[in-house]
$ cat data-v3.txt   # compact mmCIF, C-alpha atoms and all ligand atoms
# COMPACT_ATOMS: atom_id res chain seq x y z
CA MET A 1253 -88.07 -51.17 -157.65
CA HIS A 1254 -90.05 -48.78 -159.84
CA ARG A 1255 -90.40 -45.30 -158.36
CA ILE A 1256 -93.55 -43.60 -159.57
CA THR A 1257 -94.94 -40.21 -158.64
CA ARG A 1258 -97.80 -39.76 -161.11
CA VAL A 1259 -101.20 -41.43 -160.90
CA SER A 1260 -101.42 -41.89 -164.69
CA VAL A 1261 -98.00 -43.56 -164.83
CA LEU A 1262 -98.87 -45.92 -161.97
CA ARG A 1263 -102.13 -46.91 -163.61
CA ARG A 1264 -100.37 -47.60 -166.91
CA HIS A 1265 -97.70 -49.62 -165.12
CA LEU A 1266 -100.25 -51.88 -163.40
CA VAL A 1267 -102.51 -52.65 -166.40
CA PRO A 1268 -100.30 -55.34 -168.05
CA LEU A 1269 -99.50 -56.91 -164.68
CA ARG A 1270 -103.17 -57.27 -163.89
CA LYS A 1271 -103.78 -58.68 -167.40
CA LYS A 1272 -101.16 -61.36 -166.72
CA GLY A 1273 -103.22 -62.36 -163.69
CA HIS A 1274 -100.81 -60.98 -161.10
CA ARG A 1275 -102.33 -60.24 -157.71
CA ILE A 1276 -101.55 -56.75 -156.44
CA ALA A 1277 -101.04 -55.81 -152.79
CA LEU A 1278 -101.01 -52.26 -151.48
CA VAL A 1279 -99.16 -51.13 -148.35
CA PRO A 1280 -100.09 -47.51 -147.60
CA THR A 1281 -97.63 -45.55 -145.44
CA MET A 1282 -96.60 -42.02 -144.59
CA GLY A 1283 -92.92 -42.97 -144.83
CA ALA A 1284 -90.14 -42.62 -142.24
CA LEU A 1285 -90.10 -46.39 -142.56
CA HIS A 1286 -89.20 -48.79 -139.77
CA GLU A 1287 -89.41 -52.53 -139.22
CA GLY A 1288 -93.16 -52.27 -138.48
CA HIS A 1289 -93.77 -51.01 -142.02
CA LEU A 1290 -91.41 -53.57 -143.53
CA ARG A 1291 -93.26 -56.48 -141.90
CA LEU A 1292 -96.37 -55.27 -143.72
CA VAL A 1293 -94.39 -55.70 -146.93
CA ASP A 1294 -93.47 -59.29 -145.94
CA LEU A 1295 -97.13 -60.03 -145.30
CA ALA A 1296 -98.20 -58.36 -148.55
CA ARG A 1297 -95.74 -60.57 -150.43
CA LYS A 1298 -97.43 -63.68 -149.01
CA HIS A 1299 -100.75 -62.57 -150.48
CA ALA A 1300 -99.72 -61.12 -153.84
CA ASP A 1301 -97.29 -61.15 -156.77
CA VAL A 1302 -96.78 -57.40 -156.95
CA VAL A 1303 -96.28 -55.23 -153.86
CA VAL A 1304 -97.04 -51.54 -154.21
CA MET A 1305 -96.09 -49.27 -151.32
CA SER A 1306 -97.45 -45.76 -151.16
CA LEU A 1307 -95.55 -43.08 -149.36
CA TYR A 1308 -97.59 -39.98 -148.77
CA VAL A 1309 -97.87 -37.66 -145.79
CA ASN A 1310 -101.57 -36.96 -146.13
CA PRO A 1311 -102.22 -33.34 -145.11
CA VAL A 1312 -105.97 -33.84 -144.67
CA GLN A 1313 -105.60 -36.24 -141.72
CA PHE A 1314 -103.57 -33.74 -139.67
CA GLY A 1315 -105.22 -31.11 -137.49
CA PRO A 1316 -104.08 -27.48 -137.74
CA LYS A 1317 -101.98 -27.78 -134.57
CA GLU A 1318 -100.52 -31.20 -135.38
CA ASP A 1319 -97.12 -32.22 -136.73
CA PHE A 1320 -97.75 -32.22 -140.51
CA LYS A 1321 -94.90 -29.78 -141.18
CA ARG A 1322 -92.33 -31.50 -138.99
CA TYR A 1323 -93.33 -35.08 -139.89
CA PRO A 1324 -90.07 -36.82 -140.94
CA ARG A 1325 -89.60 -37.28 -144.68
CA PRO A 1326 -86.36 -39.28 -145.21
CA TRP A 1327 -87.41 -40.31 -148.68
CA GLN A 1328 -84.10 -41.57 -150.05
CA GLU A 1329 -83.62 -43.76 -147.00
CA ASP A 1330 -87.22 -45.00 -147.30
CA CYS A 1331 -86.72 -45.98 -150.94
CA ALA A 1332 -83.56 -47.92 -150.05
CA LEU A 1333 -85.33 -49.77 -147.21
CA ALA A 1334 -88.37 -50.58 -149.35
CA ALA A 1335 -86.28 -51.78 -152.28
CA GLY A 1336 -84.19 -53.91 -149.91
CA ARG A 1337 -87.36 -55.56 -148.61
CA GLY A 1338 -88.65 -56.38 -152.09
CA VAL A 1339 -91.23 -53.67 -152.76
CA ASP A 1340 -91.93 -53.70 -156.51
CA VAL A 1341 -93.42 -50.25 -156.91
CA MET A 1342 -92.95 -47.19 -154.71
CA PHE A 1343 -95.74 -44.70 -155.34
CA ARG A 1344 -94.83 -41.30 -153.94
CA PRO A 1345 -97.29 -38.70 -155.25
CA SER A 1346 -96.57 -35.04 -154.58
CA SER A 1347 -100.28 -34.48 -153.91
CA LEU A 1348 -103.50 -36.48 -154.07
CA TYR A 1349 -105.71 -33.39 -153.84
CA ALA A 1350 -106.55 -31.09 -156.70
CA GLU A 1351 -106.42 -27.41 -155.77
CA ASN A 1352 -110.21 -27.19 -155.51
CA ASP A 1353 -110.62 -30.75 -154.21
CA SER A 1354 -114.03 -30.99 -152.54
CA VAL A 1355 -114.88 -34.65 -151.92
CA ARG A 1356 -114.49 -36.52 -148.62
CA VAL A 1357 -115.31 -40.07 -147.57
CA ILE A 1358 -116.79 -40.07 -144.08
CA GLU A 1359 -117.29 -43.04 -141.77
CA ARG A 1360 -119.73 -42.30 -138.95
CA GLU A 1361 -119.54 -45.07 -136.39
CA CYS A 1362 -116.10 -46.66 -135.88
CA SER A 1363 -114.50 -43.22 -136.04
CA LEU A 1364 -116.31 -42.03 -132.91
CA GLY A 1365 -114.37 -42.14 -129.61
CA ARG A 1366 -110.67 -42.80 -129.10
CA CYS A 1367 -108.56 -40.88 -131.66
CA GLY A 1368 -111.73 -39.74 -133.40
CA ALA A 1369 -112.77 -37.82 -130.28
CA VAL A 1370 -109.45 -36.02 -129.78
CA ARG A 1371 -108.48 -35.54 -133.44
CA PRO A 1372 -111.62 -34.12 -135.09
CA GLY A 1373 -111.65 -34.79 -138.84
CA HIS A 1374 -108.65 -37.13 -138.66
CA PHE A 1375 -110.48 -40.24 -139.86
CA ASP A 1376 -112.25 -38.31 -142.65
CA GLY A 1377 -108.73 -37.63 -143.94
CA VAL A 1378 -107.73 -41.27 -143.54
CA THR A 1379 -110.79 -42.75 -145.28
CA THR A 1380 -110.57 -40.18 -148.07
CA VAL A 1381 -106.91 -40.86 -148.85
CA VAL A 1382 -107.26 -44.64 -148.54
CA ALA A 1383 -110.30 -44.58 -150.85
CA LYS A 1384 -108.25 -42.58 -153.37
CA LEU A 1385 -105.36 -45.05 -153.12
CA PHE A 1386 -107.73 -48.02 -153.53
CA LEU A 1387 -109.25 -46.42 -156.63
CA ILE A 1388 -105.84 -45.59 -158.10
CA VAL A 1389 -104.08 -48.91 -157.40
CA GLN A 1390 -107.13 -51.23 -157.38
CA PRO A 1391 -105.30 -53.71 -155.19
CA ASP A 1392 -106.52 -57.24 -154.52
CA VAL A 1393 -105.12 -57.02 -151.01
CA ALA A 1394 -104.28 -54.14 -148.65
CA VAL A 1395 -102.16 -54.54 -145.52
CA PHE A 1396 -102.55 -52.35 -142.43
CA GLY A 1397 -101.03 -52.57 -138.95
CA GLN A 1398 -102.90 -53.31 -135.73
CA LYS A 1399 -100.79 -50.51 -134.22
CA ASP A 1400 -103.43 -48.11 -135.54
CA GLY A 1401 -106.31 -50.23 -134.29
CA GLN A 1402 -109.13 -47.73 -134.73
CA GLN A 1403 -107.87 -46.85 -138.21
CA LEU A 1404 -108.23 -50.50 -139.16
CA ASP A 1405 -111.80 -50.64 -137.84
CA VAL A 1406 -112.69 -47.51 -139.80
CA ILE A 1407 -111.12 -48.69 -143.06
CA GLU A 1408 -112.65 -52.16 -142.78
CA ARG A 1409 -116.05 -50.52 -142.36
CA MET A 1410 -115.41 -48.32 -145.41
CA VAL A 1411 -114.40 -51.35 -147.48
CA ARG A 1412 -117.55 -53.18 -146.44
CA ASP A 1413 -119.98 -50.29 -146.88
CA LEU A 1414 -118.56 -49.02 -150.19
CA TYR A 1415 -118.07 -52.53 -151.63
CA PHE A 1416 -114.37 -52.05 -152.33
CA PRO A 1417 -113.17 -55.36 -153.84
CA VAL A 1418 -110.13 -55.44 -151.53
CA LYS A 1419 -109.11 -58.13 -149.07
CA MET A 1420 -107.97 -56.47 -145.86
CA VAL A 1421 -105.04 -58.00 -143.99
CA ARG A 1422 -104.28 -57.01 -140.37
CA ALA A 1423 -100.63 -57.13 -139.33
CA PRO A 1424 -99.60 -57.54 -135.67
CA ILE A 1425 -97.85 -54.72 -133.80
CA VAL A 1426 -94.06 -54.72 -134.14
CA ARG A 1427 -92.20 -53.54 -131.04
CA ASP A 1428 -88.65 -52.56 -130.26
CA ARG A 1429 -86.76 -54.81 -127.83
CA ASP A 1430 -87.69 -52.49 -124.96
CA GLY A 1431 -91.40 -53.05 -125.70
CA LEU A 1432 -92.17 -49.68 -127.28
CA ALA A 1433 -94.35 -50.05 -130.38
CA MET A 1434 -92.38 -48.88 -133.40
CA SER A 1435 -93.57 -45.58 -134.80
CA SER A 1436 -92.22 -42.93 -137.14
CA ARG A 1437 -92.90 -40.46 -134.32
CA ASN A 1438 -90.47 -42.25 -131.97
CA ARG A 1439 -87.78 -40.26 -133.82
CA TYR A 1440 -89.01 -37.13 -132.04
CA LEU A 1441 -88.24 -38.53 -128.57
CA THR A 1442 -85.22 -37.40 -126.53
CA LYS A 1443 -83.40 -40.06 -124.50
CA GLU A 1444 -85.38 -39.17 -121.36
CA GLU A 1445 -88.66 -39.10 -123.26
CA ARG A 1446 -87.92 -42.48 -124.77
CA GLU A 1447 -87.51 -43.90 -121.25
CA LEU A 1448 -90.91 -42.50 -120.31
CA ALA A 1449 -92.43 -43.92 -123.49
CA VAL A 1450 -91.06 -47.34 -122.56
CA ARG A 1451 -92.63 -46.97 -119.08
CA PHE A 1452 -95.93 -46.22 -120.77
CA ALA A 1453 -95.65 -49.35 -122.93
CA SER A 1454 -94.71 -51.47 -119.88
CA ILE A 1455 -97.70 -50.25 -117.87
CA LEU A 1456 -100.02 -51.20 -120.71
CA ARG A 1457 -98.36 -54.62 -121.04
CA GLU A 1458 -98.37 -55.34 -117.31
CA GLU A 1459 -101.98 -54.38 -116.71
CA CYS A 1460 -103.27 -56.18 -119.81
CA SER A 1461 -101.46 -59.35 -118.79
CA ILE A 1462 -102.84 -59.18 -115.23
CA GLY A 1463 -106.19 -58.80 -116.98
CA GLY A 1464 -109.65 -58.83 -115.45
CA ALA A 1465 -112.80 -57.00 -116.39
CA GLU A 1466 -112.14 -54.39 -119.10
CA GLY A 1467 -113.41 -51.52 -116.91
CA ALA A 1468 -111.06 -52.48 -114.09
CA VAL A 1469 -108.04 -52.73 -116.40
CA VAL A 1470 -108.87 -49.31 -117.89
CA ALA A 1471 -109.12 -47.81 -114.37
CA ARG A 1472 -105.78 -49.28 -113.29
CA ILE A 1473 -103.98 -48.04 -116.41
CA GLN A 1474 -105.60 -44.63 -116.05
CA LYS A 1475 -104.42 -44.38 -112.46
CA ARG A 1476 -100.85 -45.41 -113.19
CA LEU A 1477 -100.43 -43.20 -116.26
CA THR A 1478 -102.02 -40.17 -114.61
CA GLY A 1479 -99.49 -40.47 -111.79
CA LEU A 1480 -96.51 -40.54 -114.13
CA ALA A 1481 -94.71 -37.18 -114.37
CA GLY A 1482 -93.81 -36.25 -117.95
CA ILE A 1483 -96.73 -38.16 -119.46
CA ARG A 1484 -100.05 -36.59 -120.36
CA LEU A 1485 -102.77 -39.17 -120.76
CA GLU A 1486 -105.18 -38.49 -123.62
CA TYR A 1487 -107.45 -41.53 -123.38
CA VAL A 1488 -107.68 -45.17 -122.28
CA GLU A 1489 -110.55 -47.10 -123.83
CA ALA A 1490 -111.52 -50.74 -124.03
CA VAL A 1491 -112.90 -51.92 -127.37
CA ARG A 1492 -113.76 -55.58 -127.97
CA GLY A 1493 -111.23 -56.99 -125.53
CA ARG A 1494 -108.41 -54.59 -126.35
CA ILE A 1495 -107.20 -51.61 -124.41
CA HIS A 1496 -106.34 -48.61 -126.57
CA VAL A 1497 -104.25 -45.78 -125.13
CA ALA A 1498 -102.98 -42.42 -126.36
CA VAL A 1499 -100.49 -40.28 -124.46
CA TYR A 1500 -98.28 -37.29 -124.98
CA VAL A 1501 -94.64 -37.63 -123.96
CA GLY A 1502 -93.38 -34.06 -124.22
CA THR A 1503 -94.82 -32.85 -127.51
CA THR A 1504 -94.91 -36.32 -129.06
CA ARG A 1505 -98.21 -38.16 -129.30
CA LEU A 1506 -97.98 -41.95 -129.01
CA ILE A 1507 -100.69 -44.61 -129.35
CA ASP A 1508 -100.66 -48.29 -128.47
CA ASN A 1509 -103.11 -51.13 -127.88
CA ARG A 1510 -103.07 -54.60 -126.36
CA LEU A 1511 -105.35 -57.55 -125.87
CA VAL A 1512 -106.59 -57.95 -122.29
CA ARG A 1513 -106.06 -61.32 -120.71
CA ALA A 1514 -109.54 -62.60 -119.96
CA GLY A 1515 -110.47 -62.73 -116.27
CA ASN A 1516 -113.49 -63.50 -114.13
CA ALA A 1517 -113.55 -60.23 -112.23
P1 LIG B 1 -97.96 -44.79 -140.96
O1 LIG B 1 -96.80 -44.62 -141.87
O2 LIG B 1 -97.68 -44.46 -139.54
O3 LIG B 1 -99.22 -44.17 -141.50
O4 LIG B 1 -98.26 -46.35 -140.94
C1 LIG B 1 -98.46 -47.07 -142.12
C2 LIG B 1 -98.93 -48.45 -141.80
O5 LIG B 1 -97.96 -49.10 -140.98
C3 LIG B 1 -100.23 -48.46 -140.99
O6 LIG B 1 -101.05 -49.54 -141.45
C4 LIG B 1 -99.75 -48.72 -139.59
O7 LIG B 1 -100.70 -49.33 -138.77
C5 LIG B 1 -98.57 -49.63 -139.82
N1 LIG B 1 -97.64 -49.60 -138.70
C6 LIG B 1 -97.01 -48.52 -138.19
N2 LIG B 1 -96.27 -48.87 -137.11
C7 LIG B 1 -96.46 -50.21 -136.92
C8 LIG B 1 -95.97 -51.16 -135.97
N3 LIG B 1 -95.17 -50.83 -134.99
N4 LIG B 1 -96.38 -52.45 -136.11
C9 LIG B 1 -97.23 -52.81 -137.12
N5 LIG B 1 -97.70 -51.96 -138.04
C10 LIG B 1 -97.33 -50.68 -137.96

$ encode --input "data-v3.txt" --output "structure tokens" --more "lines below"
Ligand code: AMP
Amino acid sequence: MHRITRVSVLRRHLVPLRKKGHRIALVPTMGALHEGHLRLVDLARKHADVVVMSLYVNPVQFGPKEDFKRYPRPWQEDCALAAGRGVDVMFRPSSLYAENDSVRVIERECSLGRCGAVRPGHFDGVTTVVAKLFLIVQPDVAVFGQKDGQQLDVIERMVRDLYFPVKMVRAPIVRDRDGLAMSSRNRYLTKEERELAVRFASILREECSIGGAEGAVVARIQKRLTGLAGIRLEYVEAVRGRIHVAVYVGTTRLIDNRLVRAGNA
């Protein structure tokens, strides 16, 4: 695996590969890798000859009171995991923002509501950094997880509206055996908090599998999560047949989403 930190070096590395006709896939991440990230690599491999993973904790998508500083950065471990899974190039820039950086890419529809409502400016940071990565790597394919469902909607809209020549691939959510969606932030949880997080994931699973009208499922989940000590509900929203939820367990923010089983009610 090639480890590259500079934009110019990455660009130079990719030119001959592209000339040979190799298809390039990009898997953007913020690191602290887990099986969810590694499945994106497997999927990327199915669509391309060269898999580039980026590892960058993007400061612009964090709010001033969020966990940018404490976000885990186990970079050596990440490199070993990525190399073991067959990543060809690990791109780990120290910064993607010049000191007087002044350009943002802003999506104005999909980024409303859900995380967009409670994390102002978050998706401007996401679209800006993903646009930069697309322009740097110029991938044929980019793989993103359904775990961050709204993020996918926002990026797909950006790709469409800005005519990025990138095929977007959606990867299903990878869960631990106890049903909790894998997340780099799960590392923050104490044993007790983890149990609460699993309860949260079970409530979402149970209510989505009972199903019914979206509004009714939302109301049931809202009721159950609001009554759960130790969990602070941020939002429950239905979007195109999926229920999206964000909660705080202690100081850790977790998101998840599931398809609602269709019902007549
Ligand atoms: P992050 O490092 O959290 O920014 O995530 C990088 C990519 O991995 C995003 O496309 C996420 O949606 C995806 N991802 C994170 N966790 C999971 C998971 N449990 N299952 C599937 N994809 C995931």

$ residues_near_ligand --input "data-v3.txt" --ligand "ligand LIG 1 (chain B)" --cutoff "6 Å" --atoms "only C-alpha atoms and all ligand atoms" --output "list of chain:residue names"
A:Pro1280, A:Thr1281, A:Met1282, A:Gly1283, A:Gly1288, A:His1289, A:Phe1396, A:Gly1397, A:Gln1398, A:Lys1399, A:Asp1400, A:Ala1423, A:Pro1424, A:Ile1425, A:Val1426, A:Arg1427, A:Ala1433, A:Met1434, A:Ser1435

$ residues_around --input "data-v3.txt" --residues "segment 1450-1467 of chain A" --least-positions-apart "2" --cutoff "10 Å" --atoms "only C-alpha atoms" --output "PyMOL selection string"
chain A and resi 1427-1428+1430-1433+1445-1448+1469-1474+1476-1477+1480+1483+1485+1488-1499+1501+1506-1517

$ atom_distance --input "data-v3.txt" --atom1 "atom CA of Thr1504 of chain A" --atom2 "atom CA of Leu1364 of chain A"
22.5 Å

$ residues_around --input "data-v3.txt" --residues "Val1341 of chain A" --least-positions-apart "6" --cutoff "9 Å" --atoms "all atoms listed in the file" --output "PyMOL selection string"
chain A and resi 1253-1256+1262+1302-1306+1335

$ atom_distance --input "data-v3.txt" --atom1 "atom CA of Ala1334 of chain A" --atom2 "atom CA of Ala1449 of chain A"
27.0 Å

$ closest_residue --input "data-v3.txt" --among "A:Gln1390, A:Thr1503, A:Asn1310, A:Thr1257" --to "Thr1442 of chain A" --atoms "only C-alpha atoms"
A:Thr1503

$ closest_atom_pairs --input "data-v3.txt" --of "segment 1383-1452 of chain A" --to "segment 1317-1330 of chain A" --cutoff "10 Å" --atoms "only C-alpha atoms" --output "Markdown table"
| residue | atom | partner | partner_atom | distance |
| --- | --- | --- | --- | --- |
| A:Ser1436 | CA | A:Pro1324 | CA | 7.5 |
| A:Arg1437 | CA | A:Tyr1323 | CA | 7.8 |
| A:Arg1439 | CA | A:Pro1324 | CA | 8.2 |
| A:Tyr1440 | CA | A:Pro1324 | CA | 9.0 |

$ write_last_selection --input "data-v3.txt" --atoms "C-alpha atoms" --output "short mmCIF file (atom, residue, chain, number, x, y, z; two decimals), keeping the file's coordinate frame"
data_model
loop_
_atom_site.label_atom_id
_atom_site.label_comp_id
_atom_site.auth_asym_id
_atom_site.auth_seq_id
_atom_site.Cartn_x
_atom_site.Cartn_y
_atom_site.Cartn_z
CA SER A 1436 -92.22 -42.93 -137.14
CA ARG A 1437 -92.90 -40.46 -134.32
CA ARG A 1439 -87.78 -40.26 -133.82
CA TYR A 1440 -89.01 -37.13 -132.04
#

$ axis_aligned_box --input "data-v3.txt" --around "segment 1266-1285 of chain A" --padding-each-side "5 Å" --output "lines of an AutoDock Vina configuration file"
center_x = -96.9
center_y = -52.2
center_z = -155.1
size_x = 23.7
size_y = 30.3
size_z = 35.8

$ closest_residue --input "data-v3.txt" --among "A:Pro1417, A:Gly1336, A:Pro1391, A:Gly1377" --to "Val1355 of chain A" --atoms "only C-alpha atoms"
A:Gly1377

$ closest_residue --input "data-v3.txt" --among "A:Leu1285, A:Cys1367, A:Ala1481, A:Ile1388" --to "Glu1444 of chain A" --atoms "only C-alpha atoms"
A:Ala1481

$ decode --input "data-v3.txt" --residues "segment 1308-1330 of chain A" --atoms "N, CA and C atoms" --output "mmCIF file, in the first residue's frame"
data_model
loop_
_atom_site.group_PDB
_atom_site.id
_atom_site.type_symbol
_atom_site.label_atom_id
_atom_site.label_comp_id
_atom_site.auth_asym_id
_atom_site.auth_seq_id
_atom_site.Cartn_x
_atom_site.Cartn_y
_atom_site.Cartn_z
ATOM 1 N N TYR A 1308 -9.022 11.498 6.682
ATOM 2 C CA TYR A 1308 -8.871 12.915 7.003
ATOM 3 C C TYR A 1308 -9.998 13.346 7.928
ATOM 4 N N VAL A 1309 -9.650 13.794 9.110
ATOM 5 C CA VAL A 1309 -10.653 14.312 10.045
ATOM 6 C C VAL A 1309 -10.873 15.769 9.654
ATOM 7 N N ASN A 1310 -11.987 15.989 8.965
ATOM 8 C CA ASN A 1310 -12.238 17.270 8.297
ATOM 9 C C ASN A 1310 -12.741 18.311 9.304
ATOM 10 N N PRO A 1311 -11.910 19.282 9.665
ATOM 11 C CA PRO A 1311 -12.314 20.211 10.730
ATOM 12 C C PRO A 1311 -13.575 20.999 10.394
ATOM 13 N N VAL A 1312 -13.797 21.261 9.114
ATOM 14 C CA VAL A 1312 -14.889 22.164 8.713
ATOM 15 C C VAL A 1312 -16.281 21.547 8.923
ATOM 16 N N GLN A 1313 -16.354 20.226 9.064
ATOM 17 C CA GLN A 1313 -17.682 19.621 9.266
ATOM 18 C C GLN A 1313 -18.036 19.454 10.738
ATOM 19 N N PHE A 1314 -17.137 19.898 11.626
ATOM 20 C CA PHE A 1314 -17.413 19.834 13.067
ATOM 21 C C PHE A 1314 -17.842 21.206 13.564
ATOM 22 N N GLY A 1315 -18.860 21.218 14.438
ATOM 23 C CA GLY A 1315 -19.251 22.470 15.079
ATOM 24 C C GLY A 1315 -18.269 22.806 16.195
ATOM 25 N N PRO A 1316 -18.309 24.065 16.681
ATOM 26 C CA PRO A 1316 -17.341 24.495 17.690
ATOM 27 C C PRO A 1316 -17.419 23.692 18.995
ATOM 28 N N LYS A 1317 -18.603 23.128 19.296
ATOM 29 C CA LYS A 1317 -18.722 22.367 20.545
ATOM 30 C C LYS A 1317 -18.669 20.862 20.303
ATOM 31 N N GLU A 1318 -18.313 20.452 19.104
ATOM 32 C CA GLU A 1318 -18.303 19.024 18.789
ATOM 33 C C GLU A 1318 -16.933 18.398 19.073
ATOM 34 N N ASP A 1319 -16.796 17.099 18.668
ATOM 35 C CA ASP A 1319 -15.667 16.308 19.153
ATOM 36 C C ASP A 1319 -14.451 16.283 18.222
ATOM 37 N N PHE A 1320 -14.231 17.371 17.473
ATOM 38 C CA PHE A 1320 -13.080 17.372 16.540
ATOM 39 C C PHE A 1320 -11.760 17.035 17.253
ATOM 40 N N LYS A 1321 -11.549 17.656 18.404
ATOM 41 C CA LYS A 1321 -10.248 17.477 19.092
ATOM 42 C C LYS A 1321 -10.088 16.048 19.621
ATOM 43 N N ARG A 1322 -11.207 15.483 20.143
ATOM 44 C CA ARG A 1322 -11.040 14.163 20.751
ATOM 45 C C ARG A 1322 -11.319 13.006 19.781
ATOM 46 N N TYR A 1323 -11.655 13.356 18.512
ATOM 47 C CA TYR A 1323 -11.952 12.293 17.544
ATOM 48 C C TYR A 1323 -10.751 11.343 17.474
ATOM 49 N N PRO A 1324 -10.980 10.014 17.562
ATOM 50 C CA PRO A 1324 -9.843 9.079 17.601
ATOM 51 C C PRO A 1324 -9.013 9.107 16.318
ATOM 52 N N ARG A 1325 -7.692 9.052 16.485
ATOM 53 C CA ARG A 1325 -6.811 9.082 15.311
ATOM 54 C C ARG A 1325 -5.741 7.983 15.416
ATOM 55 N N PRO A 1326 -6.167 6.709 15.402
ATOM 56 C CA PRO A 1326 -5.191 5.605 15.515
ATOM 57 C C PRO A 1326 -4.585 5.273 14.156
ATOM 58 N N TRP A 1327 -3.768 6.179 13.645
ATOM 59 C CA TRP A 1327 -3.383 6.119 12.244
ATOM 60 C C TRP A 1327 -2.542 4.895 11.856
ATOM 61 N N GLN A 1328 -1.667 4.466 12.759
ATOM 62 C CA GLN A 1328 -0.854 3.286 12.411
ATOM 63 C C GLN A 1328 -1.748 2.064 12.259
ATOM 64 N N GLU A 1329 -2.662 1.938 13.233
ATOM 65 C CA GLU A 1329 -3.609 0.818 13.206
ATOM 66 C C GLU A 1329 -4.463 0.870 11.932
ATOM 67 N N ASP A 1330 -4.921 2.077 11.589
ATOM 68 C CA ASP A 1330 -5.743 2.251 10.381
ATOM 69 C C ASP A 1330 -4.990 1.802 9.134
#
